[in-house]
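Notes to accompany the following structure.
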Amino acid sequence: MDTDDHDITVSVNGVRYQRRVESRLLLSDFLRHDLGLAGTHVGCEHGVCGACTVLLDGEPVRSCLMLAVQAEKREISTVESLAGKDSEFHPLQQAMHDHHGLQCGYCTPGILMTMAAFLEETRSPTEVEVREALSGNLCRCTGYQNIVDAVMSAANRMRG
Amino acid sequence: MSTRTFGEPIKRNEDRRLLTGQALFIDDVELPGMLHAAFLRSQVAHARILKIDVSRALQRPGVVAAYAADDLGDYWKPGPLLVPPPPIAGIVFNQRTQVPLARDKVRHVGEPLAIVIAESRYIAEDALDDIDIELDQLPAVVDLEKGLRAGSALVHDDLGSNVSAHVRQTKGNYAAAAAKADHILKRRFRYEHGISSPIETRGVVAQWDGRANQMTIWDTTQAPVFVRNGLAGILGLNERQVRVIAPFVGGGFGPKIMMFYPEEVLLPWVSMKLNRPIKWIEDRLEHFFATTHERGQIHDAEMALTRDGKILGVKDVFLHDGGAYDPYGLTVPINSQCTLLGPYVVPNYDSTFTQVFTNLTLVTPYRGAGRQHGVFVMERLLDLAAHELNIDRTEIRRRNLIPPGAFPYKQEIIYQDFQPLEYDSGNYEPVLDMALEAIGYQAFKAEQAAARLEGRHLGIGVACYVEGTGIGPYEGAKVHVQSNGKVSVATGIGTQGQGHFTSLAQIAADHLGVAVTDVDVVTGDTDQFYWGAGTFASRGAVVAGNAVNEASKVVRNKALKLASDLFECAEEDLVLEDGKVSIVGIPEKFVMLGDLARQANPMRGAVQPGTEPGLESTQYFGPRMGATANGVHAMIVELDPRTFDLKILKYVVVHDCGTVINPMILAGQIHGGVAQGIGNAFYEKLAFDDQGQLLNASLADYLLPTALEVPRVELGHTVTKSPINPMGTKGAGEAGAIPVGALFAQAIEDALDLKARGVELLEIPLSPSRLFELSRNAP
């Protein structure tokens, strides 16, 4: 059976990749298995759990609901890009560590990317706003409380 | 020791890898030449198999192999019995374990019929459509009571009934006690627990290396050592030829300890046949059918009391949904049976259960593991008794608590660890008092009345429970000081987010005078540590923790002995801290721990007879029985009486799990348990039709609680040490989840004043629509 292949150019975490991919290849599979950026996790593959969230031109998207070909000429950021050059934590990573905001850590990359984008837009969120913004990401371990505390604390730190 | 970390909220060693996307999870394993597996699964619950033909699938480009049951030859056999039935007189147990691929009959939706191996997962899934099957569908056994009636369809035809097991356990003489009772009440209760639904599904990667004669299996298991031993036997290999690695695992909560899943048995076999590595990652739809559930029980229970609310006895007859096969034995219903007794004096108990085969996915433990069901029955009986005897709900509990002087408290019946159930220690009344204080129980009546005047419906619930934890058989640990001065700790348990890389490190760090960050903990790699049982039954911190404790002590003594020889001084004159051994009062006279390790492994000379090289020790710990933790949850809810929308205004947990290693990690365990309990109580329901089809098999339809449903949880702790292990610890993994259903029923009844309207909430899960159904016919 012939496959429907396409050449795409995508920028991920500031690196430009040129790849030939099948039209049906999910963006999540492309990132994880073609580019080896396995920090983006896949939990449900139907857009509910939020574990696979990445930033597409700065906006959070579910990489399991997008095809790799749709990322043509777009800029993607994944969890691997969050820490600084000398591997110092992003304030959100630091706050998650400080507040025990992760247990198994599987949902964590999606939560980090979702909340990083949220904090860019909402500099001084209330707890209710944080919970609302977090409600599209499922976590089965933490009961969310420590994640909420971490996001509030990161917001505080990012305001400086 | 100068810097004691034990008992402190030390931040986790494992976080950095997880936060930066560098932790290895199962689907991150990439190997050269790796193939991918997909399973064709039955879409009906019960059918005779007339034909399975994979030949068309083999013609698809990219497909490497495909197998149905008949292709497995002698390798096809039912799996082992993971947990045999406990030694209880008169027990009936009919062993029917799961098979690698269905042959003759399928017994639940999702049971695998065939496996396809292809160059990519996409092609493997495409090829499932090429497999030709013919099934003759049979009526499905879904309802527990109907399944036991004469003429029911049979899950296992040769059995002649759908009875998987029948067990009666008694304490005292219930009938005699009931004859003397002032008050007897009897109700039917239904409790369903759902699915654990970790955010990472299951997966297996098997790599047979034909040249090395070595099998490596990455598996999302909670019990790598058992998987290694079992698969070696099944594959006809020596145990030493098989290495099982449980990498970072994205949540387990019980079902990831079930073995052997068909995928675990098939991938290694195919890898040997093809001499290629093979990966299978479960998708979310598969997870709903192919990973084990917990599900439901129906209890007909009665309680006999004095008029002042003292329990004289409890009688309970219940049915337990076991699913299509029973490899996990009776762990779940035995937990229900034993945990029902709770923190109360119940002098007479008569409990009988029947485990029923159904045409549904297998039932194995999920966080709480049947304890929820028992606690729900007991707590609801007490609420009803309080109402009927006109006693306050918390007062009736207080009157029946086991007094602190009664420990160790013998319950006379057999527990899941096959030992007679005995509570090691406890002091229950202060826990209840702290919870009542924290929730503001005394003031609540007035608040409730005031709110009602404003048209707001508030309710309060208070529920007590015990949790059997930390059962045997044993765990071990190897503690090893490396020549760089860092400490390595290896154990056989798996880890799925419990913080073992930190809590176990704290134990070793204190004994060896090093920083927690300088202790490298390895879990779940059978080549790093050969022996062990696994992570289940809230036992990691108790059993493996005590093993690390013992091994660390031995290594500490070895280090001090070596240093005393070196300095020609008494061991008592030495101090071990900051990674070095120095002489008391002469801090400049010291030797680094790493240098001692190097000297303990010399290049020349002879190691003295009777001594061992290296600064290392392996020790084991096996408790003679489990340690019993306890707690009280209290909650205030607000309900909208028209929409039944529910809001939790306050949630309190007071808990006693003995000595606490890391209170931050402990709090996280409780928070997460409560969240799962809330899901179980009000959001998560597996909706089956009468033919065993799951109607809500997606995360859009099966509702896991989000950040909007789970409230802030206020925690309180008391500490009653366990006398049966040196650290005095008890487990805590399941405590958050256990009493939440009972709490919801009680608080909602209170908020809506349902008792006055003749409505009793005798089932879980509840939901807005279920509350609407139950209350619309009420006067």
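Simple scheme: letters A, B, ... for chains in structure tokens order, numbers from 1 for residues in each chain, numbers from 1 for ligands in the order shown.
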Q.
Distance limit 8 Å, atoms considered: only C-alpha atoms. Which chain A residues sit that close to chain B? Return them as a PyMOL selection string.
A. chain A and resi 1+32+38-40+42-45+48-49+51+79-80+82-83+93+97-98+100+102-109+131-132+134-146
Taking only chain A into account, list the residues labelled helix (DSSP H, G or I) by DSSP (computed from the backbone), as a ChimeraX atom specification. /A:27-34,63-65,68-71,79-81,91-98,108-121,127-134,145-159
Check your understanding: Excluding same-chain residues fewer than 5 positions from Phe418 in chain B, what lies within 10 Å of it counting only C-alpha atoms, as a list in words?
Key -> Pro84, Pro85, Pro86, Pro87, Ile88, Thr331, Ile334, Ile413, Ile471, Gly472 and Met625 of chain B
The distance between CA of Ala606 in chain B and CA of Lys558 in chain B is 17.4 Å
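Residues in contact with range 68-70 of chain A at 7 Å, where only C-alpha atoms are counted and same-chain residues fewer than 4 positions away are skipped, are listed as Ile8, Ser23, Leu25, Leu26, Leu27 and Phe30 of chain A.
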Practice task
Run DSSP on the backbone and grab whatever in chain A lands in strand (DSSP E); send it over as an MDAnalysis selection string.
Solution key: chainID A and resid 5:12 15:22 53:56 59:62 75:77
Might you pull out every residue within 8 Å of range 379-388 of chain B, with only C-alpha atoms counted and same-chain residues fewer than 2 positions away left off, and present them as a list of chain:residue names?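 Skipping anything fewer than 2 positions along the chain leaves B:Leu185, B:Glu302, B:Met303, B:Gly309, B:Val375, B:Phe376, B:Val377, B:Asn390, B:Ile391, B:Asp392, B:Arg393, B:Ile396, B:Arg397, B:Ala463, B:Cys464, B:Ala742, B:Gln746, B:Leu762.
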**OP:** Extract, using only C-alpha atoms, all DNA, RNA and protein residues at most 12 Å from Ala533 in chain B, discarding same-chain residues fewer than 6 positions from it, and format them as an NGL selection string.
**Re:** :B and (82 or 221-229 or 257 or 470-476 or 491-494 or 523-524 or 526 or 539-540 or 543-544 or 620-622)
File of the preceding selection, C-alpha atoms, as an mmCIF file, in the first residue's frame:
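So selection19.cif came out as:
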data_model
loop_
_atom_site.group_PDB
_atom_site.id
_atom_site.type_symbol
_atom_site.label_atom_id
_atom_site.label_comp_id
_atom_site.auth_asym_id
_atom_site.auth_seq_id
_atom_site.Cartn_x
_atom_site.Cartn_y
_atom_site.Cartn_z
ATOM 1 C CA LEU B 82 -1.004 -15.208 41.397
ATOM 2 C CA THR B 221 4.692 -3.566 36.417
ATOM 3 C CA GLN B 222 4.534 -2.959 40.154
ATOM 4 C CA ALA B 223 6.232 -6.328 40.780
ATOM 5 C CA PRO B 224 9.284 -6.838 38.535
ATOM 6 C CA VAL B 225 10.801 -9.731 40.503
ATOM 7 C CA PHE B 226 7.648 -11.835 40.289
ATOM 8 C CA VAL B 227 7.353 -11.039 36.595
ATOM 9 C CA ARG B 228 10.976 -12.143 36.060
ATOM 10 C CA ASN B 229 10.518 -15.419 37.905
ATOM 11 C CA ILE B 257 0.620 -5.561 39.663
ATOM 12 C CA GLY B 470 2.709 -3.238 55.075
ATOM 13 C CA ILE B 471 2.107 -6.945 54.709
ATOM 14 C CA GLY B 472 4.826 -9.522 54.041
ATOM 15 C CA PRO B 473 6.295 -11.626 52.829
ATOM 16 C CA TYR B 474 9.470 -9.502 52.759
ATOM 17 C CA GLU B 475 11.609 -7.018 50.864
ATOM 18 C CA GLY B 476 15.342 -6.597 50.683
ATOM 19 C CA THR B 491 15.548 -2.762 46.193
ATOM 20 C CA GLY B 492 13.259 -5.101 44.312
ATOM 21 C CA ILE B 493 10.059 -3.084 44.605
ATOM 22 C CA GLY B 494 8.732 -1.079 41.695
ATOM 23 C CA THR B 523 14.009 0.282 42.188
ATOM 24 C CA GLY B 524 12.453 -2.143 39.802
ATOM 25 C CA THR B 526 15.909 -7.298 38.663
ATOM 26 C CA ARG B 539 3.899 -1.747 51.873
ATOM 27 C CA GLY B 540 6.848 -0.017 50.170
ATOM 28 C CA VAL B 543 8.761 -3.359 54.258
ATOM 29 C CA ALA B 544 11.422 -2.059 51.856
ATOM 30 C CA TYR B 620 15.935 -8.372 54.305
ATOM 31 C CA PHE B 621 12.911 -7.501 56.331
ATOM 32 C CA GLY B 622 9.765 -9.579 56.662
#
Within 8 Å of Ala133 in chain A using only C-alpha atoms, minus same-chain residues under 3 positions, as a short mmCIF file (atom, residue, chain, number, x, y, z; two decimals) with N, CA and C atoms, in the first residue's frame:
data_model
loop_
_atom_site.label_atom_id
_atom_site.label_comp_id
_atom_site.auth_asym_id
_atom_site.auth_seq_id
_atom_site.Cartn_x
_atom_site.Cartn_y
_atom_site.Cartn_z
N THR A 114 1.03 23.79 29.74
CA THR A 114 -0.25 24.50 29.83
C THR A 114 -0.14 25.70 30.76
N MET A 115 0.46 25.48 31.91
CA MET A 115 0.51 26.53 32.91
C MET A 115 1.56 27.59 32.56
N PHE A 118 -0.32 29.80 30.40
CA PHE A 118 -1.32 30.52 31.22
C PHE A 118 -0.68 31.68 31.98
N GLU A 129 -8.90 30.88 39.22
CA GLU A 129 -8.44 30.95 37.83
C GLU A 129 -7.40 29.87 37.52
N VAL A 130 -6.53 29.62 38.48
CA VAL A 130 -5.53 28.56 38.28
C VAL A 130 -6.23 27.21 38.12
N GLY A 136 -8.15 21.28 32.34
CA GLY A 136 -8.04 20.49 31.13
C GLY A 136 -6.90 19.49 31.18
#
Review point. Using only C-alpha atoms, which of B:Lys685, B:Arg624, B:Arg307, B:His293 sits nearest Pro723 in chain B?
Key: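 Of B:Lys685, B:Arg624, B:Arg307, B:His293, the one nearest Pro723 in chain B, counting only C-alpha atoms, is B:Arg624.
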Would you compute the distance between CA of His183 in chain B and CA of Leu432 in chain B? Give it in Å to one decimal.
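CA of His183 in chain B sits 25.2 Å away from CA of Leu432 in chain B.
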Length of the CA of Arg240 in chain B to CA of Pro32 in chain B vector [Å]:
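Computing the Euclidean distance for CA of Arg240 in chain B and CA of Pro32 in chain B yields 23.7 Å.
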